[in-house]
file model28.txt (compact mmCIF, C-alpha atoms)
# COMPACT_ATOMS: atom_id res chain seq x y z
CA MET X 208 -34.53 -42.28 50.75
CA GLY X 209 -36.33 -45.15 49.10
CA GLN X 210 -38.80 -42.74 47.55
CA LEU X 211 -35.92 -40.69 46.12
CA ALA X 212 -34.43 -43.82 44.61
CA ASN X 213 -37.81 -44.68 43.14
CA TYR X 214 -38.08 -41.25 41.51
CA ALA X 215 -34.56 -41.60 40.15
CA GLY X 216 -35.40 -45.00 38.69
CA ILE X 217 -38.51 -43.61 36.97
CA TYR X 218 -36.48 -40.69 35.55
CA LEU X 219 -33.73 -42.98 34.24
CA ASN X 220 -36.28 -45.25 32.63
CA ARG X 221 -37.67 -42.28 30.71
CA LEU X 222 -34.20 -41.36 29.42
CA HIS X 223 -33.24 -42.95 26.15
CA MET X 224 -30.67 -42.32 23.44
CA PRO X 225 -32.23 -40.92 20.29
CA SER X 226 -32.01 -43.19 17.30
CA ILE X 227 -29.95 -41.66 14.48
CA ARG X 228 -30.89 -42.70 10.99
CA TRP X 229 -28.71 -42.33 7.90
CA THR X 230 -31.19 -39.73 6.60
CA ASP X 231 -30.47 -37.59 9.67
CA VAL X 232 -26.76 -37.59 8.84
CA VAL X 233 -27.48 -36.60 5.22
CA GLU X 234 -29.84 -33.86 6.43
CA ILE X 235 -27.16 -32.41 8.72
CA MET X 236 -24.62 -32.43 5.87
CA ILE X 237 -27.03 -30.67 3.49
CA ILE X 238 -27.91 -28.00 6.05
CA SER X 239 -24.21 -27.46 6.92
CA PHE X 240 -23.33 -27.10 3.24
CA LEU X 241 -26.13 -24.58 2.62
CA VAL X 242 -25.22 -22.53 5.71
CA TYR X 243 -21.55 -22.52 4.63
CA GLN X 244 -22.48 -21.30 1.13
CA ILE X 245 -24.75 -18.59 2.58
CA ILE X 246 -21.90 -17.36 4.82
CA LEU X 247 -19.52 -17.25 1.82
CA TRP X 248 -22.11 -15.37 -0.22
CA ILE X 249 -22.72 -12.82 2.54
CA LYS X 250 -18.97 -12.23 2.97
CA ASP X 251 -18.38 -11.67 -0.77
CA THR X 252 -21.23 -9.22 -1.47
CA ARG X 253 -22.81 -6.02 -0.24
CA ALA X 254 -25.00 -8.20 2.00
CA TRP X 255 -22.21 -8.21 4.62
CA SER X 256 -22.52 -4.45 5.20
CA LEU X 257 -26.30 -4.75 5.09
CA LEU X 258 -26.20 -7.57 7.63
CA LYS X 259 -24.20 -5.43 10.04
CA GLY X 260 -26.78 -2.69 9.68
CA ILE X 261 -29.61 -5.14 10.34
CA ALA X 262 -27.78 -6.48 13.41
CA LEU X 263 -27.50 -2.93 14.78
CA ILE X 264 -31.21 -2.32 14.23
CA MET X 265 -32.12 -5.63 15.91
CA ALA X 266 -29.97 -4.70 18.90
CA LEU X 267 -31.82 -1.39 19.23
CA ILE X 268 -35.18 -3.18 18.98
CA LEU X 269 -34.06 -5.60 21.70
CA ILE X 270 -33.16 -2.68 23.96
CA ALA X 271 -36.58 -1.15 23.22
CA ALA X 272 -38.28 -4.44 24.17
CA VAL X 273 -36.35 -4.70 27.44
CA PHE X 274 -37.31 -1.16 28.48
CA ASN X 275 -40.83 -1.44 27.01
CA MET X 276 -40.48 1.45 24.55
CA THR X 277 -43.87 0.97 22.92
CA THR X 278 -43.52 3.57 20.17
CA ILE X 279 -40.30 2.05 18.80
CA LEU X 280 -41.77 -1.46 19.01
CA TRP X 281 -44.91 -0.33 17.13
CA ILE X 282 -42.80 1.24 14.36
CA ALA X 283 -40.60 -1.87 14.10
CA GLU X 284 -43.64 -4.15 13.92
CA ASN X 285 -45.24 -2.18 11.08
CA VAL X 286 -42.05 -1.62 9.09
CA LEU X 287 -40.73 -5.21 9.34
CA SER X 288 -42.69 -6.63 6.40
CA LEU X 289 -41.68 -3.72 4.15
CA ALA X 290 -38.04 -4.06 5.26
CA VAL X 291 -37.93 -7.72 4.18
CA ILE X 292 -39.29 -6.86 0.71
CA ALA X 293 -36.88 -3.91 0.39
CA THR X 294 -33.93 -6.12 1.32
CA VAL X 295 -34.83 -8.66 -1.37
CA VAL X 296 -35.17 -5.89 -3.97
CA VAL X 297 -31.83 -4.28 -3.03
CA LEU X 298 -29.98 -7.61 -3.08
CA GLN X 299 -31.71 -9.02 -6.16
CA PRO X 300 -28.53 -9.12 -8.35
CA GLU X 301 -26.52 -10.73 -5.52
CA LEU X 302 -29.27 -13.30 -4.85
CA ARG X 303 -29.34 -14.29 -8.51
CA ARG X 304 -25.56 -14.63 -8.67
CA ALA X 305 -25.59 -16.63 -5.41
CA LEU X 306 -28.00 -19.18 -6.90
CA GLU X 307 -25.86 -19.40 -10.05
CA GLN X 308 -22.74 -19.89 -7.93
CA LEU X 309 -24.49 -22.60 -5.90
CA GLY X 310 -25.26 -24.46 -9.12
CA ARG X 311 -21.59 -24.35 -10.15
CA THR X 312 -20.18 -25.33 -6.75
CA ASN X 313 -18.21 -28.55 -6.36
CA PHE X 314 -19.54 -30.02 -3.10
CA PHE X 315 -16.50 -32.14 -2.23
CA ALA X 316 -14.02 -29.38 -3.10
CA SER X 317 -15.87 -27.06 -0.73
CA ILE X 318 -15.56 -29.57 2.13
CA VAL X 319 -11.98 -30.73 1.56
CA PRO X 320 -9.57 -28.10 0.18
CA PHE X 321 -6.68 -29.74 -1.65
CA ASP X 322 -4.56 -26.69 -2.45
CA SER X 323 -1.80 -26.52 0.16
CA SER X 324 0.75 -24.64 -1.93
CA ARG X 325 -0.75 -21.28 -0.99
CA ASP X 326 0.25 -21.77 2.64
CA THR X 327 3.91 -22.04 1.71
CA GLU X 328 4.17 -19.31 -0.92
CA GLY X 329 1.67 -16.84 0.54
CA ARG X 330 -1.00 -14.96 -1.36
CA PHE X 331 1.23 -14.99 -4.46
CA SER X 332 4.71 -16.26 -5.20
CA ASP X 333 7.98 -14.31 -5.32
CA GLN X 334 8.11 -15.00 -9.06
CA THR X 335 4.70 -13.37 -9.54
CA MET X 336 5.82 -10.36 -7.50
CA GLN X 337 8.96 -9.95 -9.61
CA GLU X 338 6.94 -10.24 -12.82
CA MET X 339 4.54 -7.49 -11.65
CA ILE X 340 7.40 -5.16 -10.67
CA LYS X 341 9.20 -5.78 -13.96
CA ALA X 342 6.06 -5.15 -16.02
CA CYS X 343 5.12 -1.98 -14.15
CA PHE X 344 8.46 -0.25 -14.64
CA GLU X 345 8.77 -1.37 -18.26
CA MET X 346 5.32 0.11 -18.91
CA GLY X 347 6.36 3.23 -16.99
CA ARG X 348 9.38 3.75 -19.24
CA ALA X 349 7.15 3.35 -22.32
CA LYS X 350 4.46 5.68 -20.85
CA THR X 351 1.88 2.90 -20.98
CA GLY X 352 -0.92 3.36 -18.46
CA ALA X 353 -1.89 0.40 -16.28
CA LEU X 354 -4.23 -0.44 -13.43
CA ILE X 355 -3.55 -3.72 -11.57
CA VAL X 356 -5.81 -4.71 -8.66
CA ILE X 357 -4.52 -7.47 -6.35
CA GLU X 358 -7.21 -9.30 -4.41
CA GLN X 359 -6.72 -10.01 -0.71
CA ASN X 360 -9.34 -11.35 1.72
CA GLN X 361 -12.34 -9.51 0.30
CA SER X 362 -13.58 -11.02 -2.94
CA LEU X 363 -13.46 -8.82 -6.05
CA GLY X 364 -15.97 -11.01 -7.87
CA GLU X 365 -18.40 -8.11 -8.21
CA TYR X 366 -15.81 -6.11 -10.19
CA GLU X 367 -14.37 -9.16 -11.95
CA ARG X 368 -17.72 -9.75 -13.62
CA THR X 369 -17.62 -6.28 -15.22
CA GLY X 370 -14.61 -7.29 -17.33
CA ILE X 371 -13.51 -10.05 -19.66
CA GLY X 372 -12.23 -13.34 -18.22
CA VAL X 373 -8.54 -14.09 -18.79
CA ASP X 374 -7.52 -16.73 -16.22
CA GLY X 375 -3.88 -16.73 -17.27
CA LEU X 376 -0.65 -17.19 -15.32
CA LEU X 377 0.71 -13.76 -14.47
CA THR X 378 3.83 -12.87 -16.43
CA SER X 379 5.35 -9.52 -17.30
CA GLN X 380 4.81 -10.20 -21.00
CA LEU X 381 1.11 -10.88 -20.50
CA LEU X 382 0.61 -7.74 -18.41
CA ILE X 383 2.44 -5.55 -20.92
CA ASN X 384 0.49 -7.06 -23.80
CA ILE X 385 -2.85 -6.45 -22.05
CA PHE X 386 -2.15 -2.75 -21.44
CA GLU X 387 -0.53 -2.12 -24.83
CA HIS X 388 -2.22 0.74 -26.69
CA ASN X 389 -4.90 -0.17 -29.23
CA THR X 390 -5.35 -3.70 -27.91
CA PRO X 391 -8.89 -4.93 -27.03
CA LEU X 392 -8.11 -5.37 -23.30
CA HIS X 393 -6.04 -2.27 -22.55
CA ASP X 394 -8.89 -0.11 -21.23
CA GLY X 395 -9.88 -0.66 -17.60
CA ALA X 396 -8.31 -2.62 -14.76
CA VAL X 397 -6.77 -6.06 -14.43
CA ILE X 398 -7.70 -8.17 -11.41
CA VAL X 399 -5.06 -10.50 -9.97
CA ARG X 400 -5.95 -13.41 -7.70
CA GLY X 401 -3.03 -15.44 -6.41
CA ASN X 402 -0.61 -16.05 -9.27
CA ARG X 403 -3.17 -15.53 -12.04
CA ILE X 404 -4.77 -12.69 -13.95
CA VAL X 405 -8.46 -13.54 -13.68
CA SER X 406 -10.06 -10.65 -15.58
CA ALA X 407 -9.23 -7.56 -17.65
CA THR X 408 -11.05 -4.37 -18.73
CA CYS X 409 -12.79 -4.26 -15.34
CA TYR X 410 -14.69 -1.18 -14.17
CA LEU X 411 -13.80 0.21 -10.75
CA PRO X 412 -15.61 2.74 -8.53
CA LEU X 413 -14.14 6.24 -8.66
CA SER X 414 -13.09 7.92 -5.43
CA ASP X 415 -14.90 11.10 -4.46
CA ASN X 416 -12.11 12.07 -2.05
CA MET X 417 -11.74 15.83 -2.45
CA GLY X 418 -8.25 15.65 -0.92
CA LEU X 419 -6.76 14.00 -4.00
CA SER X 420 -4.62 16.18 -6.24
CA LYS X 421 -6.51 17.78 -9.14
CA GLU X 422 -3.77 16.64 -11.51
CA LEU X 423 -4.71 12.99 -10.97
CA GLY X 424 -6.79 11.42 -13.68
CA THR X 425 -9.47 8.75 -13.81
CA ARG X 426 -6.98 5.89 -13.48
CA HIS X 427 -5.68 7.12 -10.12
CA ARG X 428 -9.17 7.92 -8.83
CA ALA X 429 -10.31 4.42 -9.77
CA GLY X 430 -7.31 2.92 -7.96
CA VAL X 431 -8.09 4.89 -4.79
CA GLY X 432 -11.80 4.16 -5.18
CA ILE X 433 -11.36 0.37 -5.09
CA ALA X 434 -8.91 0.74 -2.18
CA GLU X 435 -11.59 2.64 -0.22
CA VAL X 436 -14.27 -0.06 -0.52
CA THR X 437 -12.13 -3.24 -0.42
CA ASP X 438 -8.87 -4.44 1.16
CA SER X 439 -7.20 -4.87 -2.24
CA LEU X 440 -3.90 -3.27 -3.27
CA THR X 441 -3.84 -1.47 -6.62
CA ILE X 442 -0.78 -0.61 -8.70
CA ILE X 443 -1.21 2.41 -10.99
CA VAL X 444 1.15 3.27 -13.84
CA SER X 445 0.63 6.80 -15.11
CA GLU X 446 0.28 7.20 -18.86
CA GLU X 447 1.36 10.86 -18.68
CA THR X 448 4.43 10.62 -16.44
CA GLY X 449 5.25 6.90 -16.33
CA HIS X 450 5.38 7.04 -12.51
CA VAL X 451 4.27 4.03 -10.49
CA SER X 452 1.87 4.53 -7.58
CA VAL X 453 0.05 2.24 -5.14
CA ALA X 454 -3.43 2.65 -3.66
CA TYR X 455 -3.96 0.73 -0.43
CA GLU X 456 -6.35 1.13 2.52
CA GLY X 457 -7.79 4.28 0.95
CA GLN X 458 -4.37 5.94 0.67
CA LEU X 459 -2.37 6.79 -2.46
CA TYR X 460 1.42 6.33 -2.40
CA ARG X 461 2.90 8.09 -5.42
CA ASN X 462 6.13 7.90 -7.41
CA LEU X 463 7.47 4.65 -5.98
CA ASP X 464 10.71 3.02 -7.10
CA SER X 465 11.09 -0.74 -7.56
CA GLU X 466 12.22 -1.37 -3.97
CA GLU X 467 9.32 0.60 -2.51
CA LEU X 468 6.86 -1.27 -4.71
CA LYS X 469 8.40 -4.57 -3.64
CA GLU X 470 8.00 -3.53 -0.01
CA LYS X 471 4.28 -2.81 -0.54
CA LEU X 472 3.72 -6.13 -2.29
CA THR X 473 5.66 -8.06 0.36
CA LYS X 474 3.40 -6.51 3.00
CA ILE X 475 0.31 -8.17 1.52
CA GLN X 476 2.01 -11.36 0.33
CA ASN X 477 1.07 -13.03 3.62
CA LYS X 478 3.96 -15.49 3.71
CA PRO X 479 4.59 -17.63 6.79
CA LEU X 480 6.72 -15.92 9.46
CA GLU X 481 9.58 -18.37 8.97
CA GLU X 482 9.78 -17.53 5.28
CA LYS X 483 9.79 -13.80 6.01
CA LYS X 484 12.69 -14.24 8.45
CA ARG X 485 14.59 -16.32 5.91
CA ARG X 486 14.20 -13.64 3.23
CA LEU X 487 15.18 -10.91 5.71
CA TRP X 488 18.42 -12.70 6.64
CA LYS X 489 19.10 -13.39 2.97
CA GLY X 490 18.69 -9.69 2.16
CA ARG X 491 21.00 -8.66 5.03
CA ALA X 492 23.65 -11.12 3.93
CA LYS X 493 23.46 -9.77 0.38
CA ASN X 494 23.86 -6.17 1.60
CA GLU X 495 26.85 -7.08 3.81
CA LYS X 496 28.47 -8.87 0.86
CA GLU X 497 28.02 -5.79 -1.34
CA ILE X 498 29.52 -3.54 1.37
CA ASP X 499 32.56 -5.84 1.79
CA SER X 500 33.19 -5.89 -1.93
call {"tool": "encode", "arguments": {"input": "model28.txt", "output": "structure tokens"}}
result
Amino acid sequence: MGQLANYAGIYLNRLHMPSIRWTDVVEIMIISFLVYQIILWIKDTRAWSLLKGIALIMALILIAAVFNMTTILWIAENVLSLAVIATVVVLQPELRRALEQLGRTNFFASIVPFDSSRDTEGRFSDQTMQEMIKACFEMGRAKTGALIVIEQNQSLGEYERTGIGVDGLLTSQLLINIFEHNTPLHDGAVIVRGNRIVSATCYLPLSDNMGLSKELGTRHRAGVGIAEVTDSLTIIVSEETGHVSVAYEGQLYRNLDSEELKEKLTKIQNKPLEEKKRRLWKGRAKNEKEIDS
């Protein structure tokens, strides 16, 4: 028993609390900031899909190592160096933009977000939604074509950079003016983030879905194309018919009226549950009042 106590005393004497210097704290903050920026960069670029593919390959290599599959391990060992170089080449534009973005980043704003208004009004406000609906149907009556892409969780920065920066508060007048014929910004798509138009004349990927109607033009195929590769919602106003359509989750919903468009926009508005209930009761009360009158 005494010998056990002696061993315990020796062990406790060897234990000591590590000394933490102020440089260690700074080092942890720098590493945390860099890791956070890398995660944001991966989420907003093609690297996210590539990372999932790499994770799948690594899982297969791990299985091969567990079961001692020598041929697969030999191939993986010889291809690894080439794969790293190929990855850097494929992601070269994204890596350059990531370094540029890192240079423009406000460190304190990244750590402490100050914008709390978004939590109360959702992804965009009711006023912005009404302005979009008003503009779309006014353009439809005038047979003015339009393509409005509303960003959700996936960043549209890659497509935003193909256009011209606007960064203006979204109003029906601004939207109509952008898509007016013979104006410098009318060709291409508008990207909406929150309550602002961030960019115009943006190029979008065209859908190669053979199931789309042959009568649909480039504008509709571009709207479906961006809906296939991102979680955005796109409003399309046909220049030929004036009809309003929505592309969302790879699907095209054609010939919507104002109420149907409002329903689609409300679905992605992402308002708190309490606010949705309040608006639902308000709408029911309004309908009952109209029926009574």
call {"tool": "closest_residue", "arguments": {"input": "model28.txt", "among": "X:Cys409, X:Val397, X:Val444, X:Ile357", "to": "Arg426 (chain X)", "atoms": "only C-alpha atoms"}}
result
X:Val444
call {"tool": "closest_residue", "arguments": {"input": "model28.txt", "among": "X:Met339, X:Ile261, X:Ile433, X:Ile443", "to": "Thr378 (chain X)", "atoms": "all atoms listed in the file"}}
result
X:Met339
call {"tool": "atom_distance", "arguments": {"input": "model28.txt", "atom1": "CA of Val436 (chain X)", "atom2": "CA of Glu467 (chain X)"}}
result
23.7 Å
call {"tool": "atom_distance", "arguments": {"input": "model28.txt", "atom1": "CA of Gln476 (chain X)", "atom2": "CA of Leu440 (chain X)"}}
result
10.6 Å
call {"tool": "atom_distance", "arguments": {"input": "model28.txt", "atom1": "CA of Ala290 (chain X)", "atom2": "CA of Leu247 (chain X)"}}
result
23.0 Å
call {"tool": "closest_residue", "arguments": {"input": "model28.txt", "among": "X:Gly395, X:Gly457, X:Gly375, X:Gly370", "to": "Gly418 (chain X)", "atoms": "all atoms listed in the file"}}
result
X:Gly457
call {"tool": "residues_near_point", "arguments": {"input": "model28.txt", "point": "(5.1, -0.3, -15.8)", "cutoff": "12 Å", "atoms": "all atoms listed in the file", "output": "VMD selection string"}}
result
chain X and resid 338 to 355 379 to 380 382 to 387 442 to 446 448 to 452 462 to 465 468
call {"tool": "closest_residue", "arguments": {"input": "model28.txt", "among": "X:Leu411, X:Glu447, X:Ala266, X:Asn285", "to": "Gly424 (chain X)", "atoms": "only C-alpha atoms"}}
result
X:Glu447
call {"tool": "closest_residue", "arguments": {"input": "model28.txt", "among": "X:Thr277, X:Leu459, X:Thr230, X:Ile371", "to": "Ser420 (chain X)", "atoms": "all atoms listed in the file"}}
result
X:Leu459
call {"tool": "residues_near_point", "arguments": {"input": "model28.txt", "point": "(-41.4, -4.0, 18.2)", "cutoff": "12 Å", "atoms": "only C-alpha atoms", "output": "MDAnalysis selection string"}}
result
chainID X and resid 264:287
call {"tool": "residues_around", "arguments": {"input": "model28.txt", "residues": "Leu376 (chain X)", "least_positions_apart": "2", "cutoff": "9 Å", "atoms": "all atoms listed in the file", "output": "PyMOL selection string"}}
result
chain X and resi 335+374+378+381+402-405
call {"tool": "build_atoms", "arguments": {"input": "model28.txt", "residues": "region 338-364 of chain X", "atoms": "N, CA and C atoms", "output": "PDB file, in the coordinates of the input"}}
result
ATOM      1  N   GLU X 338       7.533 -10.474 -11.497  1.00  0.00           N
ATOM      2  CA  GLU X 338       6.940 -10.240 -12.820  1.00  0.00           C
ATOM      3  C   GLU X 338       6.105  -8.957 -12.811  1.00  0.00           C
ATOM      4  N   MET X 339       5.352  -8.717 -11.738  1.00  0.00           N
ATOM      5  CA  MET X 339       4.540  -7.490 -11.650  1.00  0.00           C
ATOM      6  C   MET X 339       5.437  -6.259 -11.608  1.00  0.00           C
ATOM      7  N   ILE X 340       6.487  -6.309 -10.790  1.00  0.00           N
ATOM      8  CA  ILE X 340       7.400  -5.160 -10.670  1.00  0.00           C
ATOM      9  C   ILE X 340       8.066  -4.873 -12.014  1.00  0.00           C
ATOM     10  N   LYS X 341       8.544  -5.933 -12.659  1.00  0.00           N
ATOM     11  CA  LYS X 341       9.200  -5.780 -13.960  1.00  0.00           C
ATOM     12  C   LYS X 341       8.259  -5.153 -14.984  1.00  0.00           C
ATOM     13  N   ALA X 342       7.019  -5.657 -15.048  1.00  0.00           N
ATOM     14  CA  ALA X 342       6.060  -5.150 -16.020  1.00  0.00           C
ATOM     15  C   ALA X 342       5.712  -3.693 -15.754  1.00  0.00           C
ATOM     16  N   CYS X 343       5.519  -3.341 -14.491  1.00  0.00           N
ATOM     17  CA  CYS X 343       5.120  -1.980 -14.150  1.00  0.00           C
ATOM     18  C   CYS X 343       6.160  -0.953 -14.571  1.00  0.00           C
ATOM     19  N   PHE X 344       7.424  -1.235 -14.308  1.00  0.00           N
ATOM     20  CA  PHE X 344       8.460  -0.250 -14.640  1.00  0.00           C
ATOM     21  C   PHE X 344       8.811  -0.254 -16.118  1.00  0.00           C
ATOM     22  N   GLU X 345       8.620  -1.375 -16.794  1.00  0.00           N
ATOM     23  CA  GLU X 345       8.770  -1.370 -18.260  1.00  0.00           C
ATOM     24  C   GLU X 345       7.652  -0.548 -18.897  1.00  0.00           C
ATOM     25  N   MET X 346       6.429  -0.701 -18.395  1.00  0.00           N
ATOM     26  CA  MET X 346       5.320   0.110 -18.910  1.00  0.00           C
ATOM     27  C   MET X 346       5.519   1.577 -18.557  1.00  0.00           C
ATOM     28  N   GLY X 347       6.090   1.850 -17.372  1.00  0.00           N
ATOM     29  CA  GLY X 347       6.360   3.230 -16.990  1.00  0.00           C
ATOM     30  C   GLY X 347       7.343   3.895 -17.933  1.00  0.00           C
ATOM     31  N   ARG X 348       8.390   3.177 -18.311  1.00  0.00           N
ATOM     32  CA  ARG X 348       9.380   3.750 -19.240  1.00  0.00           C
ATOM     33  C   ARG X 348       8.769   4.011 -20.611  1.00  0.00           C
ATOM     34  N   ALA X 349       7.795   3.186 -21.013  1.00  0.00           N
ATOM     35  CA  ALA X 349       7.150   3.350 -22.320  1.00  0.00           C
ATOM     36  C   ALA X 349       5.932   4.265 -22.259  1.00  0.00           C
ATOM     37  N   LYS X 350       5.646   4.835 -21.053  1.00  0.00           N
ATOM     38  CA  LYS X 350       4.460   5.680 -20.850  1.00  0.00           C
ATOM     39  C   LYS X 350       3.172   4.941 -21.229  1.00  0.00           C
ATOM     40  N   THR X 351       3.082   3.707 -20.775  1.00  0.00           N
ATOM     41  CA  THR X 351       1.880   2.900 -20.980  1.00  0.00           C
ATOM     42  C   THR X 351       1.103   2.847 -19.672  1.00  0.00           C
ATOM     43  N   GLY X 352      -0.112   3.348 -19.677  1.00  0.00           N
ATOM     44  CA  GLY X 352      -0.920   3.360 -18.460  1.00  0.00           C
ATOM     45  C   GLY X 352      -1.381   1.969 -18.075  1.00  0.00           C
ATOM     46  N   ALA X 353      -1.463   1.719 -16.762  1.00  0.00           N
ATOM     47  CA  ALA X 353      -1.890   0.400 -16.280  1.00  0.00           C
ATOM     48  C   ALA X 353      -2.586   0.535 -14.937  1.00  0.00           C
ATOM     49  N   LEU X 354      -3.482  -0.406 -14.686  1.00  0.00           N
ATOM     50  CA  LEU X 354      -4.230  -0.440 -13.430  1.00  0.00           C
ATOM     51  C   LEU X 354      -4.362  -1.907 -13.032  1.00  0.00           C
ATOM     52  N   ILE X 355      -3.628  -2.309 -11.981  1.00  0.00           N
ATOM     53  CA  ILE X 355      -3.550  -3.720 -11.570  1.00  0.00           C
ATOM     54  C   ILE X 355      -4.077  -3.836 -10.147  1.00  0.00           C
ATOM     55  N   VAL X 356      -5.176  -4.554  -9.971  1.00  0.00           N
ATOM     56  CA  VAL X 356      -5.810  -4.710  -8.660  1.00  0.00           C
ATOM     57  C   VAL X 356      -5.506  -6.107  -8.137  1.00  0.00           C
ATOM     58  N   ILE X 357      -4.902  -6.184  -6.942  1.00  0.00           N
ATOM     59  CA  ILE X 357      -4.520  -7.470  -6.350  1.00  0.00           C
ATOM     60  C   ILE X 357      -5.492  -7.804  -5.227  1.00  0.00           C
ATOM     61  N   GLU X 358      -6.205  -8.899  -5.384  1.00  0.00           N
ATOM     62  CA  GLU X 358      -7.210  -9.300  -4.410  1.00  0.00           C
ATOM     63  C   GLU X 358      -6.563  -9.829  -3.138  1.00  0.00           C
ATOM     64  N   GLN X 359      -7.155  -9.464  -1.987  1.00  0.00           N
ATOM     65  CA  GLN X 359      -6.720 -10.010  -0.710  1.00  0.00           C
ATOM     66  C   GLN X 359      -7.844 -10.876  -0.123  1.00  0.00           C
ATOM     67  N   ASN X 360      -8.308 -10.531   1.069  1.00  0.00           N
ATOM     68  CA  ASN X 360      -9.340 -11.350   1.720  1.00  0.00           C
ATOM     69  C   ASN X 360     -10.734 -11.085   1.177  1.00  0.00           C
ATOM     70  N   GLN X 361     -11.027  -9.832   0.850  1.00  0.00           N
ATOM     71  CA  GLN X 361     -12.340  -9.510   0.300  1.00  0.00           C
ATOM     72  C   GLN X 361     -12.382  -9.887  -1.178  1.00  0.00           C
ATOM     73  N   SER X 362     -13.438 -10.598  -1.548  1.00  0.00           N
ATOM     74  CA  SER X 362     -13.580 -11.020  -2.940  1.00  0.00           C
ATOM     75  C   SER X 362     -13.839  -9.826  -3.854  1.00  0.00           C
ATOM     76  N   LEU X 363     -13.228  -9.850  -5.036  1.00  0.00           N
ATOM     77  CA  LEU X 363     -13.460  -8.820  -6.050  1.00  0.00           C
ATOM     78  C   LEU X 363     -14.350  -9.347  -7.171  1.00  0.00           C
ATOM     79  N   GLY X 364     -15.116 -10.399  -6.862  1.00  0.00           N
ATOM     80  CA  GLY X 364     -15.970 -11.010  -7.870  1.00  0.00           C
ATOM     81  C   GLY X 364     -16.948 -10.035  -8.503  1.00  0.00           C
TER      82      GLY X 364
END
